[in-house]
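A.B. asks: As input, take coords_3.cif (mmCIF, C-alpha atoms):
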```
data_target
loop_
_atom_site.label_atom_id
_atom_site.label_comp_id
_atom_site.auth_asym_id
_atom_site.auth_seq_id
_atom_site.Cartn_x
_atom_site.Cartn_y
_atom_site.Cartn_z
CA MET A 1316 3.86 -25.13 -10.28
CA ALA A 1317 0.23 -26.13 -9.77
CA GLU A 1318 -2.24 -23.68 -11.24
CA ARG A 1319 -4.14 -21.69 -8.65
CA VAL A 1320 -7.36 -19.82 -9.21
CA LEU A 1321 -7.68 -16.08 -8.62
CA ARG A 1322 -11.19 -14.61 -8.56
CA PHE A 1323 -11.17 -11.03 -9.82
CA HIS A 1324 -14.21 -9.14 -8.49
CA PHE A 1325 -14.65 -5.87 -10.32
CA ASP A 1326 -17.00 -3.24 -11.68
CA TYR A 1327 -16.27 -1.09 -14.74
CA ILE A 1328 -17.25 1.96 -12.70
CA SER A 1329 -14.06 1.62 -10.66
CA PRO A 1330 -10.89 3.11 -12.17
CA TYR A 1331 -8.86 1.26 -9.56
CA SER A 1332 -10.24 -2.02 -10.88
CA TYR A 1333 -9.24 -0.93 -14.41
CA LEU A 1334 -5.65 -0.45 -13.24
CA ALA A 1335 -5.71 -3.72 -11.32
CA TRP A 1336 -6.99 -5.57 -14.40
CA HIS A 1337 -4.05 -4.27 -16.42
CA ARG A 1338 -1.56 -5.16 -13.74
CA LEU A 1339 -3.13 -8.58 -13.26
CA GLN A 1340 -2.35 -9.69 -16.81
CA ARG A 1341 1.39 -9.99 -16.20
CA PHE A 1342 1.00 -10.89 -12.53
CA ALA A 1343 -1.25 -13.88 -13.30
CA SER A 1344 1.14 -15.19 -15.90
CA GLU A 1345 4.18 -14.74 -13.62
CA HIS A 1346 2.44 -16.58 -10.79
CA ALA A 1347 0.68 -19.28 -12.84
CA LEU A 1348 -2.76 -18.07 -11.75
CA ARG A 1349 -5.92 -18.93 -13.61
CA VAL A 1350 -8.08 -15.80 -13.46
CA GLU A 1351 -11.85 -16.05 -13.11
CA VAL A 1352 -13.57 -12.75 -13.88
CA LYS A 1353 -16.36 -11.95 -11.42
CA PRO A 1354 -18.46 -8.95 -12.48
CA THR A 1355 -19.82 -7.44 -9.28
CA LEU A 1356 -22.27 -4.55 -8.99
CA PHE A 1357 -20.38 -2.14 -6.73
CA ALA A 1358 -23.56 -0.13 -6.04
CA ALA A 1359 -25.17 -3.28 -4.61
CA LEU A 1360 -22.19 -3.80 -2.27
CA LEU A 1361 -22.57 -0.20 -1.13
CA ASN A 1362 -26.31 -0.61 -0.62
CA HIS A 1363 -25.70 -3.78 1.35
CA LEU A 1364 -23.10 -2.09 3.59
CA GLY A 1365 -24.87 1.28 3.86
CA HIS A 1366 -21.74 2.87 2.48
CA LYS A 1367 -20.66 5.36 -0.19
CA GLY A 1368 -18.34 4.85 -3.13
CA PRO A 1369 -15.44 7.27 -3.76
CA GLY A 1370 -17.28 8.60 -6.82
CA GLU A 1371 -20.07 9.76 -4.52
CA ILE A 1372 -17.84 11.86 -2.23
CA PRO A 1373 -16.59 14.90 -4.17
CA PRO A 1374 -13.18 15.42 -2.49
CA LYS A 1375 -12.54 11.68 -2.61
CA GLN A 1376 -13.52 11.47 -6.27
CA ARG A 1377 -11.12 14.30 -7.12
CA TYR A 1378 -8.35 12.53 -5.22
CA MET A 1379 -9.20 9.15 -6.78
CA PHE A 1380 -8.80 10.48 -10.30
CA LYS A 1381 -5.41 12.02 -9.46
CA ASP A 1382 -4.33 8.86 -7.67
CA CYS A 1383 -5.33 6.78 -10.69
CA LEU A 1384 -3.54 9.15 -13.08
CA ARG A 1385 -0.43 8.56 -10.98
CA GLY A 1386 -0.98 4.80 -10.94
CA ALA A 1387 -1.65 4.70 -14.69
CA ALA A 1388 1.55 6.64 -15.40
CA LEU A 1389 3.55 4.13 -13.35
CA LEU A 1390 1.93 1.19 -15.16
CA ASN A 1391 2.21 2.97 -18.51
CA VAL A 1392 -1.50 2.46 -19.08
CA PRO A 1393 -3.69 4.96 -20.97
CA PHE A 1394 -6.12 6.76 -18.66
CA GLU A 1395 -8.61 9.30 -19.97
CA PRO A 1396 -11.66 10.94 -18.39
CA PRO A 1397 -14.77 8.75 -18.67
CA ALA A 1398 -17.78 10.10 -20.58
CA THR A 1399 -19.65 10.39 -17.26
CA HIS A 1400 -19.00 9.23 -13.68
CA PRO A 1401 -20.61 7.63 -11.82
CA PHE A 1402 -22.47 5.92 -14.67
CA ASN A 1403 -24.80 2.92 -14.79
CA PRO A 1404 -22.59 -0.15 -15.32
CA LEU A 1405 -25.42 -2.72 -15.54
CA ALA A 1406 -25.26 -3.25 -19.31
CA ALA A 1407 -21.47 -3.72 -19.28
CA LEU A 1408 -21.54 -6.07 -16.29
CA ARG A 1409 -24.39 -8.14 -17.73
CA ALA A 1410 -22.67 -8.35 -21.11
CA THR A 1411 -19.61 -9.78 -19.38
CA LEU A 1412 -21.78 -12.61 -18.05
CA LEU A 1413 -23.22 -13.68 -21.43
CA ASP A 1414 -22.43 -17.18 -22.64
CA MET A 1415 -19.02 -17.19 -24.30
CA ASP A 1416 -15.70 -19.00 -23.96
CA GLU A 1417 -13.37 -17.75 -21.26
CA ALA A 1418 -10.74 -16.30 -23.61
CA THR A 1419 -13.43 -14.19 -25.26
CA ARG A 1420 -14.76 -13.13 -21.86
CA GLN A 1421 -11.39 -11.88 -20.74
CA ARG A 1422 -10.87 -10.07 -24.05
CA LEU A 1423 -14.29 -8.46 -23.58
CA VAL A 1424 -13.35 -7.24 -20.09
CA THR A 1425 -10.28 -5.56 -21.56
CA HIS A 1426 -12.37 -4.01 -24.37
CA LEU A 1427 -15.01 -2.68 -21.98
CA TYR A 1428 -12.40 -1.29 -19.59
CA THR A 1429 -10.58 0.37 -22.45
CA ALA A 1430 -13.85 1.82 -23.74
CA THR A 1431 -14.54 3.31 -20.30
CA TRP A 1432 -11.14 4.51 -19.08
CA ALA A 1433 -9.09 5.04 -22.24
CA ARG A 1434 -11.58 5.79 -25.06
CA SER A 1435 -14.05 7.95 -23.05
CA LEU A 1436 -17.01 6.05 -24.50
CA ASP A 1437 -20.33 6.21 -22.68
CA VAL A 1438 -20.37 2.69 -21.27
CA GLY A 1439 -23.51 3.57 -19.33
CA SER A 1440 -25.34 3.20 -22.67
CA PRO A 1441 -26.45 -0.35 -23.60
CA GLU A 1442 -26.00 0.51 -27.30
CA VAL A 1443 -22.40 1.56 -26.73
CA VAL A 1444 -21.80 -1.61 -24.72
CA ALA A 1445 -23.25 -3.72 -27.53
CA GLY A 1446 -20.92 -2.01 -30.00
CA VAL A 1447 -17.90 -2.79 -27.85
CA CYS A 1448 -19.11 -6.37 -27.49
CA ALA A 1449 -19.32 -6.71 -31.27
CA GLU A 1450 -15.73 -5.45 -31.58
CA ALA A 1451 -14.66 -8.10 -29.06
CA GLY A 1452 -16.45 -10.85 -30.97
CA VAL A 1453 -19.61 -11.03 -28.84
CA PRO A 1454 -22.61 -10.56 -31.16
CA ASP A 1455 -26.19 -9.51 -30.42
CA ALA A 1456 -25.37 -8.26 -26.93
CA LEU A 1457 -28.11 -5.62 -26.88
CA GLN A 1458 -30.82 -8.29 -27.14
CA ARG A 1459 -29.04 -10.85 -24.98
CA ILE A 1460 -28.35 -8.60 -21.97
CA ALA A 1461 -32.09 -7.95 -21.67
CA ASP A 1462 -32.71 -11.63 -20.89
CA PRO A 1463 -33.97 -11.96 -17.29
CA ALA A 1464 -31.68 -14.97 -16.87
CA VAL A 1465 -28.65 -12.76 -17.61
CA LYS A 1466 -29.86 -10.12 -15.17
CA ALA A 1467 -30.21 -12.86 -12.57
CA ARG A 1468 -26.60 -13.93 -13.18
CA LEU A 1469 -25.32 -10.52 -12.13
CA ARG A 1470 -27.49 -10.49 -9.01
CA GLU A 1471 -26.22 -13.95 -8.09
CA ALA A 1472 -22.60 -13.01 -8.79
CA THR A 1473 -22.96 -9.96 -6.56
CA GLU A 1474 -24.62 -11.94 -3.77
CA GLU A 1475 -21.83 -14.49 -4.01
CA ALA A 1476 -19.27 -11.69 -3.66
CA ILE A 1477 -21.01 -10.37 -0.55
CA ALA A 1478 -21.09 -13.88 0.92
CA LEU A 1479 -17.32 -14.13 0.37
CA GLY A 1480 -16.80 -10.89 2.33
CA VAL A 1481 -16.20 -8.60 -0.64
CA PHE A 1482 -16.82 -4.97 0.38
CA GLY A 1483 -15.20 -3.12 -2.50
CA VAL A 1484 -13.67 -3.44 -5.95
CA PRO A 1485 -11.27 -4.60 -7.16
CA THR A 1486 -11.03 -7.59 -4.83
CA MET A 1487 -8.82 -10.52 -5.70
CA ILE A 1488 -9.50 -13.80 -3.91
CA VAL A 1489 -7.15 -16.79 -3.73
CA ASP A 1490 -8.03 -19.79 -1.51
CA GLY A 1491 -10.78 -17.65 0.06
CA GLU A 1492 -8.28 -14.95 1.12
CA LEU A 1493 -9.24 -11.41 0.03
CA PHE A 1494 -6.88 -8.79 -1.35
CA TRP A 1495 -8.56 -5.45 -1.92
CA GLY A 1496 -7.38 -2.65 -4.18
CA THR A 1497 -4.61 -2.00 -6.64
CA ASP A 1498 -2.15 -1.55 -3.78
CA SER A 1499 -2.60 -5.12 -2.54
CA PHE A 1500 -0.52 -6.93 -5.16
CA GLY A 1501 2.53 -6.92 -2.88
CA HIS A 1502 0.63 -8.59 -0.04
CA LEU A 1503 -0.93 -11.04 -2.53
CA GLU A 1504 2.49 -11.89 -3.93
CA ARG A 1505 3.85 -12.69 -0.46
CA TYR A 1506 0.71 -14.72 0.28
CA LEU A 1507 1.21 -16.79 -2.88
CA ALA A 1508 4.84 -17.38 -1.93
CA GLY A 1509 3.78 -18.69 1.51
CA ASP A 1510 5.17 -15.57 3.21
CA ASP A 1511 1.95 -14.05 4.53
CA PRO A 1512 2.68 -12.75 8.04
CA VAL A 1513 -0.98 -13.19 9.06
CA GLY A 1514 -1.75 -16.58 10.56
CA PRO A 1515 -4.94 -18.12 11.96
CA ASP A 1516 -3.87 -17.13 15.51
CA ASP A 1517 -3.70 -13.48 14.47
CA VAL A 1518 -7.12 -13.64 12.87
CA GLU A 1519 -8.56 -15.05 16.07
CA ARG A 1520 -6.83 -12.50 18.33
CA TRP A 1521 -8.11 -9.64 16.18
CA ALA A 1522 -11.64 -11.01 15.71
CA SER A 1523 -12.95 -10.33 19.20
CA ILE A 1524 -12.30 -6.61 19.60
CA GLU A 1525 -15.33 -4.81 20.95
CA SER A 1526 -16.46 -1.35 20.07
CA SER A 1527 -16.52 1.25 22.86
CA ALA A 1528 -17.80 4.20 20.81
CA GLU A 1529 -20.42 4.94 18.23
CA ARG A 1530 -21.05 8.08 16.28
CA MET B 724 17.77 21.42 0.09
CA ALA B 725 15.19 23.89 1.39
CA GLU B 726 13.00 22.55 4.17
CA ARG B 727 9.44 21.84 3.12
CA VAL B 728 6.47 21.45 5.40
CA LEU B 729 4.38 18.30 5.51
CA ARG B 730 1.05 18.44 7.35
CA PHE B 731 0.21 15.06 8.84
CA HIS B 732 -3.56 14.77 9.42
CA PHE B 733 -4.36 11.80 11.59
CA ASP B 734 -6.58 10.24 14.22
CA TYR B 735 -5.40 7.66 16.76
CA ILE B 736 -8.42 5.55 15.84
CA SER B 737 -6.86 4.75 12.45
CA PRO B 738 -4.31 1.92 12.38
CA TYR B 739 -3.28 3.06 8.91
CA SER B 740 -2.33 6.42 10.34
CA TYR B 741 -0.28 4.62 13.02
CA LEU B 742 1.69 2.82 10.31
CA ALA B 743 2.06 6.02 8.31
CA TRP B 744 3.38 7.87 11.37
CA HIS B 745 6.07 5.23 11.80
CA ARG B 746 7.02 5.31 8.18
CA LEU B 747 7.02 9.11 8.14
CA GLN B 748 9.84 9.36 10.68
CA ARG B 749 12.51 8.13 8.29
CA PHE B 750 10.78 9.54 5.21
CA ALA B 751 10.70 13.08 6.62
CA SER B 752 14.35 12.96 7.52
CA GLU B 753 15.35 11.54 4.11
CA HIS B 754 13.39 14.27 2.33
CA ALA B 755 14.19 17.20 4.65
CA LEU B 756 10.53 17.67 5.55
CA ARG B 757 9.37 19.54 8.62
CA VAL B 758 6.35 17.65 9.90
CA GLU B 759 3.40 19.48 11.43
CA VAL B 760 1.09 17.15 13.32
CA LYS B 761 -2.59 17.86 12.68
CA PRO B 762 -4.91 15.91 14.98
CA THR B 763 -8.17 15.48 13.08
CA LEU B 764 -11.39 13.93 14.34
CA PHE B 765 -12.06 11.23 11.76
CA ALA B 766 -15.67 10.82 12.94
CA ALA B 767 -16.30 14.50 12.14
CA LEU B 768 -14.96 14.00 8.60
CA LEU B 769 -17.31 11.04 8.21
CA ASN B 770 -20.25 13.02 9.58
CA HIS B 771 -19.45 15.85 7.20
CA LEU B 772 -19.25 13.50 4.18
CA GLY B 773 -22.15 11.23 5.23
CA HIS B 774 -19.74 8.35 5.06
CA LYS B 775 -18.63 5.34 7.12
CA GLY B 776 -15.19 4.49 8.45
CA PRO B 777 -13.67 1.03 7.85
CA GLY B 778 -14.12 0.24 11.54
CA GLU B 779 -17.88 0.63 11.07
CA ILE B 780 -18.16 -1.93 8.25
CA PRO B 781 -17.51 -5.43 9.67
CA PRO B 782 -15.96 -7.12 6.59
CA LYS B 783 -13.84 -4.02 5.94
CA GLN B 784 -12.71 -3.85 9.57
CA ARG B 785 -11.62 -7.51 9.44
CA TYR B 786 -9.71 -6.84 6.23
CA MET B 787 -8.19 -3.61 7.60
CA PHE B 788 -6.70 -5.38 10.60
CA LYS B 789 -5.17 -8.09 8.38
CA ASP B 790 -3.92 -5.48 5.94
CA CYS B 791 -2.31 -3.53 8.79
CA LEU B 792 -0.77 -6.70 10.25
CA ARG B 793 0.83 -7.22 6.84
CA GLY B 794 1.96 -3.61 6.63
CA ALA B 795 3.32 -3.66 10.19
CA ALA B 796 5.30 -6.84 9.46
CA LEU B 797 6.88 -5.17 6.42
CA LEU B 798 7.75 -2.05 8.43
CA ASN B 799 8.88 -4.16 11.38
CA VAL B 800 6.54 -2.20 13.64
CA PRO B 801 4.76 -3.76 16.63
CA PHE B 802 1.02 -4.10 16.06
CA GLU B 803 -1.29 -5.50 18.71
CA PRO B 804 -5.09 -5.53 19.04
CA PRO B 805 -6.42 -2.30 20.56
CA ALA B 806 -8.33 -2.49 23.85
CA THR B 807 -11.52 -1.59 21.93
CA HIS B 808 -12.31 -0.40 18.40
CA PRO B 809 -13.80 1.92 17.39
CA PHE B 810 -13.09 3.91 20.57
CA ASN B 811 -13.57 7.58 21.47
CA PRO B 812 -10.34 9.37 20.46
CA LEU B 813 -11.32 12.83 21.76
CA ALA B 814 -9.13 12.81 24.86
CA ALA B 815 -6.06 11.67 22.93
CA LEU B 816 -6.60 14.16 20.11
CA ARG B 817 -7.21 17.05 22.52
CA ALA B 818 -4.14 16.12 24.56
CA THR B 819 -2.07 16.35 21.38
CA LEU B 820 -3.20 19.97 20.98
CA LEU B 821 -2.20 21.11 24.48
CA ASP B 822 0.45 23.81 24.72
CA MET B 823 3.89 22.21 24.47
CA ASP B 824 7.01 22.51 22.35
CA GLU B 825 6.95 20.71 19.01
CA ALA B 826 9.50 18.05 19.92
CA THR B 827 7.38 17.08 22.91
CA ARG B 828 4.24 17.06 20.76
CA GLN B 829 5.76 14.66 18.26
CA ARG B 830 7.03 12.43 21.07
CA LEU B 831 3.51 12.45 22.55
CA VAL B 832 2.02 11.37 19.22
CA THR B 833 4.38 8.40 19.18
CA HIS B 834 3.53 7.55 22.80
CA LEU B 835 -0.22 7.72 22.19
CA TYR B 836 0.02 5.66 19.01
CA THR B 837 2.14 3.08 20.79
CA ALA B 838 -0.34 2.98 23.67
CA THR B 839 -3.18 2.32 21.22
CA TRP B 840 -1.68 -0.04 18.63
CA ALA B 841 1.23 -1.71 20.41
CA ARG B 842 0.41 -1.69 24.15
CA SER B 843 -3.36 -2.37 23.90
CA LEU B 844 -4.11 0.40 26.38
CA ASP B 845 -7.62 1.85 26.45
CA VAL B 846 -6.89 5.20 24.85
CA GLY B 847 -10.62 5.93 24.84
CA SER B 848 -10.22 6.63 28.56
CA PRO B 849 -9.14 10.20 29.50
CA GLU B 850 -7.35 8.81 32.57
CA VAL B 851 -5.28 6.43 30.43
CA VAL B 852 -4.50 9.27 28.03
CA ALA B 853 -3.35 11.46 30.92
CA GLY B 854 -1.07 8.65 32.11
CA VAL B 855 0.51 8.35 28.68
CA CYS B 856 0.89 12.13 28.53
CA ALA B 857 2.73 12.09 31.85
CA GLU B 858 5.12 9.42 30.51
CA ALA B 859 5.78 11.66 27.50
CA GLY B 860 6.50 14.67 29.71
CA VAL B 861 3.11 16.38 29.40
CA PRO B 862 1.76 16.93 32.95
CA ASP B 863 -1.78 17.56 34.19
CA ALA B 864 -3.39 16.51 30.93
CA LEU B 865 -6.60 15.26 32.54
CA GLN B 866 -7.44 18.74 33.76
CA ARG B 867 -6.08 20.59 30.75
CA ILE B 868 -7.98 18.62 28.07
CA ALA B 869 -11.26 19.61 29.74
CA ASP B 870 -10.57 23.27 28.94
CA PRO B 871 -13.17 24.52 26.40
CA ALA B 872 -10.38 26.33 24.55
CA VAL B 873 -8.62 23.00 23.98
CA LYS B 874 -11.84 21.40 22.77
CA ALA B 875 -12.24 24.32 20.37
CA ARG B 876 -8.74 23.71 19.00
CA LEU B 877 -9.70 20.22 17.86
CA ARG B 878 -12.91 21.47 16.26
CA GLU B 879 -10.96 24.15 14.42
CA ALA B 880 -8.24 21.72 13.34
CA THR B 881 -10.88 19.38 11.96
CA GLU B 882 -12.70 22.17 10.14
CA GLU B 883 -9.40 23.29 8.66
CA ALA B 884 -8.75 19.74 7.44
CA ILE B 885 -12.17 19.62 5.77
CA ALA B 886 -11.51 22.99 4.13
CA LEU B 887 -8.25 21.59 2.71
CA GLY B 888 -10.14 18.67 1.14
CA VAL B 889 -9.18 16.02 3.68
CA PHE B 890 -11.68 13.13 3.54
CA GLY B 891 -9.78 10.44 5.44
CA VAL B 892 -6.78 9.70 7.62
CA PRO B 893 -3.87 9.61 7.35
CA THR B 894 -3.59 12.47 4.88
CA MET B 895 -0.25 14.09 4.19
CA ILE B 896 -0.29 17.53 2.60
CA VAL B 897 2.65 19.28 0.94
CA ASP B 898 2.14 22.59 -0.90
CA GLY B 899 -1.64 22.01 -0.65
CA GLU B 900 -1.37 18.65 -2.46
CA LEU B 901 -3.03 15.73 -0.64
CA PHE B 902 -1.63 12.22 -0.30
CA TRP B 903 -4.03 9.85 1.41
CA GLY B 904 -3.19 6.57 3.08
CA THR B 905 -0.12 4.53 3.92
CA ASP B 906 0.16 3.45 0.29
CA SER B 907 0.69 6.99 -0.98
CA PHE B 908 4.34 7.45 0.06
CA GLY B 909 5.52 6.43 -3.42
CA HIS B 910 3.38 9.08 -5.11
CA LEU B 911 4.43 11.64 -2.48
CA GLU B 912 8.09 10.81 -3.06
CA ARG B 913 7.75 11.37 -6.81
CA TYR B 914 5.84 14.60 -6.14
CA LEU B 915 8.62 15.89 -3.90
CA ALA B 916 11.18 15.03 -6.59
CA GLY B 917 9.22 17.04 -9.17
CA ASP B 918 8.14 13.85 -10.97
CA ASP B 919 4.40 13.98 -10.34
CA PRO B 920 2.69 12.93 -13.59
CA VAL B 921 -0.43 14.95 -12.70
CA GLY B 922 -0.34 18.51 -13.99
CA PRO B 923 -2.83 21.38 -13.81
CA ASP B 924 -4.19 20.46 -17.28
CA ASP B 925 -5.05 16.99 -16.04
CA VAL B 926 -6.80 18.36 -13.00
CA GLU B 927 -8.89 20.61 -15.21
CA ARG B 928 -9.76 17.85 -17.71
CA TRP B 929 -10.87 15.56 -14.90
CA ALA B 930 -12.75 18.21 -12.90
CA SER B 931 -15.74 18.55 -15.19
CA ILE B 932 -17.01 14.96 -15.43
CA GLU B 933 -20.74 14.75 -14.88
CA SER B 934 -22.62 12.00 -13.17
CA SER B 935 -25.11 10.01 -15.25
CA ALA B 936 -26.30 7.65 -12.53
CA GLU B 937 -27.33 7.77 -8.92
CA ARG B 938 -28.13 4.96 -6.57
#
```
Any chance you could give the structure as structure tokens?
C.D. replies:
Amino acid sequence: MAERVLRFHFDYISPYSYLAWHRLQRFASEHALRVEVKPTLFAALLNHLGHKGPGEIPPKQRYMFKDCLRGAALLNVPFEPPATHPFNPLAALRATLLDMDEATRQRLVTHLYTATWARSLDVGSPEVVAGVCAEAGVPDALQRIADPAVKARLREATEEAIALGVFGVPTMIVDGELFWGTDSFGHLERYLAGDDPVGPDDVERWASIESSAER
Amino acid sequence: MAERVLRFHFDYISPYSYLAWHRLQRFASEHALRVEVKPTLFAALLNHLGHKGPGEIPPKQRYMFKDCLRGAALLNVPFEPPATHPFNPLAALRATLLDMDEATRQRLVTHLYTATWARSLDVGSPEVVAGVCAEAGVPDALQRIADPAVKARLREATEEAIALGVFGVPTMIVDGELFWGTDSFGHLERYLAGDDPVGPDDVERWASIESSAER
């Protein structure tokens, strides 16, 4: 089977993207996918769309945590309350974009997710992030994430996500086709198998619907 | 098995709630649930939360329609482009709250959903809604939905939903526990079977997380 590329757009702030990352490990290997990690600043997506994240809507945040507890139990993944939420994920996202080989980068993603959603560490703190980086074999992160070139990488990665149509995290993209959320693995699996029921004709028929009401 | 009540909070504007309504028919019968239909004005939830619906965010709307096409194919449910979207669902929601017996009300919900998401009728039009009502055995709807008492019923139903913690549609509630979205049937099924992994201790541990960042 030819290797296909799956872009994984995520932000550590999102517990759904933590669960999706766990699930993706086996899924990618079963489907011969090469995963490219794409750190994406969720807050910038929300600013761009004039939208709110679930962590900013109290009843939705309460539901999200329960929903993720349920999902984590099914996946048999540890899931513990984060130190704070929402928190500032900039240091963690920038650290993920430092120069390193891809195997290290993916290990670092797992370490930073685990720090956030299983170890209750304060990943909003650059010092904590640097400590996790050191554990994952990425030295001197505290100095390196302050480099304007690294900050620019995250801005560019986020702009690239927006240009691809990403509106939330996690989003998985294969051949330019988006699959959003931890519940989309089934649709993605059928897409990979050539069994996607959505064809170009459908996309066209559904593209031209006009609004007849505004709030 | 004792009959349990499931509150189905929905708005015709939501294609996800259309799919959930279809799926609920067999689910309710398999699990001996008595369904109470709860028309809820999604726009009022969004106003209350300062939030946007997926139909108001272009890349999310495009994704939603594809996602629902995929879901409809799996459920073997017809799914056709609505006449317009977003549209004004007030007439359809108010019609659903007219005085009628419960069997008729549930039939009317199916007719109005089918009109919107399978027949491409303009359900934003009170005249179209009245025609669908007549087909479902609900006469004189055009006059009756203009009654201020009927308008008040929808306001009260929506306020009740907000008080119960509803933040989106569809939301299914059993014993005060919310299950949001078409993807939540699995969690609901485990809840009904007494296998919900979320206990009161979890809820308490996750309730006290503080924010450390704002946009």
A.B. asks: Measure the distance from CA of Leu1339 in chain A to CA of Gly1509 in chain A in Å and round it to one decimal.
C.D. replies: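 Answer for the CA of Leu1339 in chain A to CA of Gly1509 in chain A separation: 19.2 Å.
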A.B. asks: When you look at range 1395-1407 of chain A with a cut-off of 9 Å (counting all atoms listed in the file), what residues show up, excluding the ones that are within fewer than 6 positions of it in the same chain? I need them as a PyMOL selection string.
C.D. replies: (chain A and resi 1326-1329+1356+1370-1371+1380+1384+1424+1427+1430-1442+1444-1445+1448+1457+1460-1461+1466+1469) or (chain B and resi 928-929+932-937)
A.B. asks: Can I get the selected residues back with C-alpha atoms, as an mmCIF file, in the frame of the given file?
C.D. replies:
```cif
data_model
loop_
_atom_site.group_PDB
_atom_site.id
_atom_site.type_symbol
_atom_site.label_atom_id
_atom_site.label_comp_id
_atom_site.auth_asym_id
_atom_site.auth_seq_id
_atom_site.Cartn_x
_atom_site.Cartn_y
_atom_site.Cartn_z
ATOM 1 C CA ASP A 1326 -17.000 -3.240 -11.680
ATOM 2 C CA TYR A 1327 -16.270 -1.090 -14.740
ATOM 3 C CA ILE A 1328 -17.250 1.960 -12.700
ATOM 4 C CA SER A 1329 -14.060 1.620 -10.660
ATOM 5 C CA LEU A 1356 -22.270 -4.550 -8.990
ATOM 6 C CA GLY A 1370 -17.280 8.600 -6.820
ATOM 7 C CA GLU A 1371 -20.070 9.760 -4.520
ATOM 8 C CA PHE A 1380 -8.800 10.480 -10.300
ATOM 9 C CA LEU A 1384 -3.540 9.150 -13.080
ATOM 10 C CA VAL A 1424 -13.350 -7.240 -20.090
ATOM 11 C CA LEU A 1427 -15.010 -2.680 -21.980
ATOM 12 C CA ALA A 1430 -13.850 1.820 -23.740
ATOM 13 C CA THR A 1431 -14.540 3.310 -20.300
ATOM 14 C CA TRP A 1432 -11.140 4.510 -19.080
ATOM 15 C CA ALA A 1433 -9.090 5.040 -22.240
ATOM 16 C CA ARG A 1434 -11.580 5.790 -25.060
ATOM 17 C CA SER A 1435 -14.050 7.950 -23.050
ATOM 18 C CA LEU A 1436 -17.010 6.050 -24.500
ATOM 19 C CA ASP A 1437 -20.330 6.210 -22.680
ATOM 20 C CA VAL A 1438 -20.370 2.690 -21.270
ATOM 21 C CA GLY A 1439 -23.510 3.570 -19.330
ATOM 22 C CA SER A 1440 -25.340 3.200 -22.670
ATOM 23 C CA PRO A 1441 -26.450 -0.350 -23.600
ATOM 24 C CA GLU A 1442 -26.000 0.510 -27.300
ATOM 25 C CA VAL A 1444 -21.800 -1.610 -24.720
ATOM 26 C CA ALA A 1445 -23.250 -3.720 -27.530
ATOM 27 C CA CYS A 1448 -19.110 -6.370 -27.490
ATOM 28 C CA LEU A 1457 -28.110 -5.620 -26.880
ATOM 29 C CA ILE A 1460 -28.350 -8.600 -21.970
ATOM 30 C CA ALA A 1461 -32.090 -7.950 -21.670
ATOM 31 C CA LYS A 1466 -29.860 -10.120 -15.170
ATOM 32 C CA LEU A 1469 -25.320 -10.520 -12.130
ATOM 33 C CA ARG B 928 -9.760 17.850 -17.710
ATOM 34 C CA TRP B 929 -10.870 15.560 -14.900
ATOM 35 C CA ILE B 932 -17.010 14.960 -15.430
ATOM 36 C CA GLU B 933 -20.740 14.750 -14.880
ATOM 37 C CA SER B 934 -22.620 12.000 -13.170
ATOM 38 C CA SER B 935 -25.110 10.010 -15.250
ATOM 39 C CA ALA B 936 -26.300 7.650 -12.530
ATOM 40 C CA GLU B 937 -27.330 7.770 -8.920
#
```
A.B. asks: Which residue, B:Arg876, B:Arg757, B:Arg830, B:His774, has the smallest gap to chain A when you use only C-alpha atoms?
C.D. replies: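 Of B:Arg876, B:Arg757, B:Arg830, B:His774, the one nearest chain A is B:His774, counting only C-alpha atoms.
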A.B. asks: Give me, as JSON lines, the closest atom pair and its distance (Å, one decimal) for every residue of range 1340-1456 of chain A within a cut-off of 9 Å of range 1470-1476 of chain A, counting only C-alpha atoms, rows sorted by chain and rising number.
C.D. replies:
```
{"residue": "A:Lys1353", "atom": "CA", "partner": "A:Ala1472", "partner_atom": "CA", "distance": 6.9}
{"residue": "A:Pro1354", "atom": "CA", "partner": "A:Ala1472", "partner_atom": "CA", "distance": 6.9}
{"residue": "A:Thr1355", "atom": "CA", "partner": "A:Thr1473", "partner_atom": "CA", "distance": 4.9}
{"residue": "A:Leu1356", "atom": "CA", "partner": "A:Thr1473", "partner_atom": "CA", "distance": 6.0}
{"residue": "A:Phe1357", "atom": "CA", "partner": "A:Thr1473", "partner_atom": "CA", "distance": 8.2}
{"residue": "A:Ala1359", "atom": "CA", "partner": "A:Thr1473", "partner_atom": "CA", "distance": 7.3}
{"residue": "A:Leu1360", "atom": "CA", "partner": "A:Thr1473", "partner_atom": "CA", "distance": 7.5}
```
A.B. asks: Find the distance between CA of Val758 in chain B and CA of Glu726 in chain B and write it in Å to one decimal.
C.D. replies: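 For CA of Val758 in chain B relative to CA of Glu726 in chain B, the distance reads 10.1 Å.
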A.B. asks: Work out how far CA of Ala1522 in chain A is from CA of Phe908 in chain B, in Å to one decimal.
C.D. replies: 29.0 Å
A.B. asks: Name every residue that the PyMOL selection byres ((chain B and resi 819) around 8) selects in this structure, writing the answer as a PDB file with C-alpha atoms, keeping the file's coordinate frame with chains first and numbers rising.
C.D. replies:
```
ATOM      1  CA  PRO B 762      -4.910  15.910  14.980  1.00  0.00           C
ATOM      2  CA  ALA B 815      -6.060  11.670  22.930  1.00  0.00           C
ATOM      3  CA  LEU B 816      -6.600  14.160  20.110  1.00  0.00           C
ATOM      4  CA  ARG B 817      -7.210  17.050  22.520  1.00  0.00           C
ATOM      5  CA  ALA B 818      -4.140  16.120  24.560  1.00  0.00           C
ATOM      6  CA  LEU B 820      -3.200  19.970  20.980  1.00  0.00           C
ATOM      7  CA  LEU B 821      -2.200  21.110  24.480  1.00  0.00           C
ATOM      8  CA  ARG B 828       4.240  17.060  20.760  1.00  0.00           C
ATOM      9  CA  LEU B 831       3.510  12.450  22.550  1.00  0.00           C
ATOM     10  CA  VAL B 832       2.020  11.370  19.220  1.00  0.00           C
TER      11      VAL B 832
END
```
